[in-house]
Amino acid sequence: MRPQDFVWLLLFSAMAAVHPQRHPAEIPLLISLALLQVLEPKIPFFESTRGNVVSILLKLLLGYLLIGFTGGLGSSYYLILLLPVVSAATSFGVVWSLLSTSAACLTYASFLMFIDWNRYWMDTDQKAELILRLTFLAVTGFLTNTLSEANREQSRKYRLVAEQLAAANQSVREAEAAMRRSERLAALGQLSAGLAHELRNPLGTIRASAEMLSGSLSSDNEVAREVAGFVLSEADRTNTLVSRFLDFARPLQLRFSNTDLGEVIDLAIAHLEQNSPKYDVHVYRNYSPEIGPFQMDADMLERVFYNLLLNAAQASPAGSVITVKTRPVDGFAEISVIDRGSGIDPKQIENIFNPFFTTKPEGVGLGLAIVSKIVDEHGGRMSVESEPGRGSTFHVHLPIRAKA
């Protein structure tokens, strides 16, 4: 029970106690109105538009019956018609408020039809009283609607401010995550650069020694030749890994040119189809014609899109479709790579752009870190949406502007 519920019950009890009973239906009608007024906020149906209309009509009907049973035009209960008028004014706009006020005035004026005009008449004072009562109903409805409309407008403003604050908070959280990622990238980049530089020389020595050993072995010493081959292949694999470390660590030297985004994505798709035939996937293109050529490093971005497409293909089952979609968003070109694969664990989403983080058995964890670095150098940003078992969507936002 709310405090206002006790007030409503007290008011209706006072009306039932003070007003002399003129008809047996008076008390039941007052009880019905009290229950409707108290239970209305507690019943979910009355929260809908249809429920509000039903509530207003019920109040209008109960008020009409109460006035009719207690004297018609002369009833002291004529002000009970304010209940539907105020309810409509607080729940709806001007049109519904006018309709409700007109219905209440017509309801009260309809009792003129039940007067035997052969026996009764109305003098000037009584006509003036009738007009005043109808006018009071209309004025009350208009004032209530004006105040309610002001409150609704203020609520809309507060809601808009709350949405803007929520968006700002989300942007702040994303900026904090990007800053933390940048700090980790900087620290790990320095470590990777030093480590890769120190590994290059011994790797070259190991590979050269393995080549000399392999060339000096006789053809019948199969075991030694096989071991030398293992050393060569592992040295090459380690050298490739060191090269990737250096790619991640060294500053990027971007070469900007006015390039068509669709052509760059098409090159990445062709690269995927050429170098990764084992992935039985189909790439569906959905390019926006509103995005024209803009400043970018085409080679670097082709690497970005190829990496994202390769990850999508590796995560997708055979025969599935990968969608690449572009659209303009607030001065940025948004490129979305959508797959229907296994998805990403929500606990891992914040870490997937960190270097050396990977969920693949043979992965190094530098692919998405380098992709994020390239996008950052373009002045863009990346985000990901994923649901385990239903796929992932990687969004790349690139600024559509001339590079200074």
# chains A, B, ... in the order shown; residues from 1 in each chain; ligands from 1

call {"tool": "residues_around", "arguments": {"residues": "Gln37 of chain A", "least_positions_apart": "3", "cutoff": "10 Å", "atoms": "only C-alpha atoms", "output": "VMD selection string"}}
result
chain A and resid 5 8 to 9 31 to 34 40 to 42 55 59 83

call {"tool": "residues_around", "arguments": {"residues": "Arg207 of chain A", "least_positions_apart": "2", "cutoff": "8 Å", "atoms": "only C-alpha atoms", "output": "PyMOL selection string"}}
result
chain A and resi 203-205+209-211+231-232+235-236

call {"tool": "select_by_dssp", "arguments": {"residues": "segment 138-300 of chain A", "states": "strand (DSSP E or B)", "output": "list in words"}}
result
Ser257, Asn258, Thr259, His282, Val283, Tyr284, Arg285, Asn286, Phe294, Gln295 and Met296 of chain A

call {"tool": "atom_distance", "arguments": {"atom1": "atom CA of Leu10 of chain A", "atom2": "atom CA of Leu61 of chain A"}}
result
22.1 Å

call {"tool": "residues_around", "arguments": {"residues": "segment 131-145 of chain A", "least_positions_apart": "4", "cutoff": "12 Å", "atoms": "only C-alpha atoms", "output": "ChimeraX atom specification"}}
result
/A:73-110,124-127,149-153

call {"tool": "closest_residue", "arguments": {"among": "A:Ile291, A:Met382, A:Val371, A:Val281", "to": "Asp339 of chain A", "atoms": "only C-alpha atoms"}}
result
A:Val281

call {"tool": "closest_residue", "arguments": {"among": "A:Arg340, A:His282, A:Lys373, A:Arg255", "to": "Glu385 of chain A", "atoms": "only C-alpha atoms"}}
result
A:Arg340

call {"tool": "select_by_dssp", "arguments": {"residues": "segment 236-345 of chain A", "states": "alpha helix (DSSP H)", "output": "PyMOL selection string"}}
result
chain A and resi 236-249+261-275+298-315

call {"tool": "write_last_selection", "arguments": {"atoms": "C-alpha atoms", "output": "PDB file, in the first residue's frame"}}
result
ATOM      1  CA  ASP A 236      63.198 -20.565 -40.543  1.00  0.00           C
ATOM      2  CA  ARG A 237      60.023 -20.764 -38.436  1.00  0.00           C
ATOM      3  CA  THR A 238      61.717 -18.965 -35.563  1.00  0.00           C
ATOM      4  CA  ASN A 239      63.066 -16.333 -37.941  1.00  0.00           C
ATOM      5  CA  THR A 240      59.532 -15.774 -39.264  1.00  0.00           C
ATOM      6  CA  LEU A 241      58.318 -15.350 -35.695  1.00  0.00           C
ATOM      7  CA  VAL A 242      61.111 -12.857 -34.986  1.00  0.00           C
ATOM      8  CA  SER A 243      60.136 -10.931 -38.119  1.00  0.00           C
ATOM      9  CA  ARG A 244      56.579 -10.697 -36.847  1.00  0.00           C
ATOM     10  CA  PHE A 245      57.876  -9.441 -33.524  1.00  0.00           C
ATOM     11  CA  LEU A 246      59.795  -6.727 -35.355  1.00  0.00           C
ATOM     12  CA  ASP A 247      56.740  -5.840 -37.459  1.00  0.00           C
ATOM     13  CA  PHE A 248      54.813  -5.357 -34.276  1.00  0.00           C
ATOM     14  CA  ALA A 249      57.533  -3.411 -32.470  1.00  0.00           C
ATOM     15  CA  LEU A 261      37.885   1.023 -49.859  1.00  0.00           C
ATOM     16  CA  GLY A 262      36.000  -1.670 -51.794  1.00  0.00           C
ATOM     17  CA  GLU A 263      39.026  -2.418 -53.968  1.00  0.00           C
ATOM     18  CA  VAL A 264      41.237  -2.908 -50.891  1.00  0.00           C
ATOM     19  CA  ILE A 265      38.719  -5.325 -49.337  1.00  0.00           C
ATOM     20  CA  ASP A 266      38.396  -7.204 -52.646  1.00  0.00           C
ATOM     21  CA  LEU A 267      42.184  -7.699 -52.728  1.00  0.00           C
ATOM     22  CA  ALA A 268      42.072  -9.108 -49.187  1.00  0.00           C
ATOM     23  CA  ILE A 269      39.241 -11.481 -50.158  1.00  0.00           C
ATOM     24  CA  ALA A 270      41.167 -12.629 -53.260  1.00  0.00           C
ATOM     25  CA  HIS A 271      44.241 -13.154 -51.075  1.00  0.00           C
ATOM     26  CA  LEU A 272      42.159 -15.296 -48.693  1.00  0.00           C
ATOM     27  CA  GLU A 273      40.704 -17.395 -51.516  1.00  0.00           C
ATOM     28  CA  GLN A 274      44.127 -17.867 -53.087  1.00  0.00           C
ATOM     29  CA  ASN A 275      46.204 -18.696 -50.025  1.00  0.00           C
ATOM     30  CA  ALA A 298      46.085   0.439 -49.015  1.00  0.00           C
ATOM     31  CA  ASP A 299      48.755  -2.218 -48.377  1.00  0.00           C
ATOM     32  CA  MET A 300      48.464  -1.954 -44.611  1.00  0.00           C
ATOM     33  CA  LEU A 301      44.663  -2.026 -44.646  1.00  0.00           C
ATOM     34  CA  GLU A 302      44.651  -5.002 -46.990  1.00  0.00           C
ATOM     35  CA  ARG A 303      46.696  -6.761 -44.338  1.00  0.00           C
ATOM     36  CA  VAL A 304      44.114  -5.739 -41.713  1.00  0.00           C
ATOM     37  CA  PHE A 305      41.151  -7.073 -43.682  1.00  0.00           C
ATOM     38  CA  TYR A 306      42.974 -10.253 -44.696  1.00  0.00           C
ATOM     39  CA  ASN A 307      43.779 -10.994 -41.059  1.00  0.00           C
ATOM     40  CA  LEU A 308      40.174 -10.418 -39.976  1.00  0.00           C
ATOM     41  CA  LEU A 309      38.847 -12.559 -42.844  1.00  0.00           C
ATOM     42  CA  LEU A 310      41.334 -15.324 -42.047  1.00  0.00           C
ATOM     43  CA  ASN A 311      40.277 -15.348 -38.383  1.00  0.00           C
ATOM     44  CA  ALA A 312      36.624 -15.453 -39.450  1.00  0.00           C
ATOM     45  CA  ALA A 313      37.305 -18.355 -41.831  1.00  0.00           C
ATOM     46  CA  GLN A 314      39.182 -20.286 -39.148  1.00  0.00           C
ATOM     47  CA  ALA A 315      36.306 -19.811 -36.695  1.00  0.00           C
TER      48      ALA A 315
END

call {"tool": "atom_distance", "arguments": {"atom1": "atom CA of Phe46 of chain A", "atom2": "atom CA of Ile27 of chain A"}}
result
24.3 Å

call {"tool": "closest_residue", "arguments": {"among": "A:Val329, A:Leu11, A:Leu160, A:Leu66", "to": "Leu398 of chain A", "atoms": "only C-alpha atoms"}}
result
A:Val329

call {"tool": "closest_residue", "arguments": {"among": "A:Val161, A:Arg390, A:Ala208, A:Ala318", "to": "Gly341 of chain A", "atoms": "only C-alpha atoms"}}
result
A:Arg390

call {"tool": "closest_residue", "arguments": {"among": "A:Leu29, A:Leu36, A:Met113, A:Leu213", "to": "Leu62 of chain A", "atoms": "only C-alpha atoms"}}
result
A:Leu29

call {"tool": "atom_distance", "arguments": {"atom1": "atom CA of Thr393 of chain A", "atom2": "atom CA of Ser336 of chain A"}}
result
6.4 Å
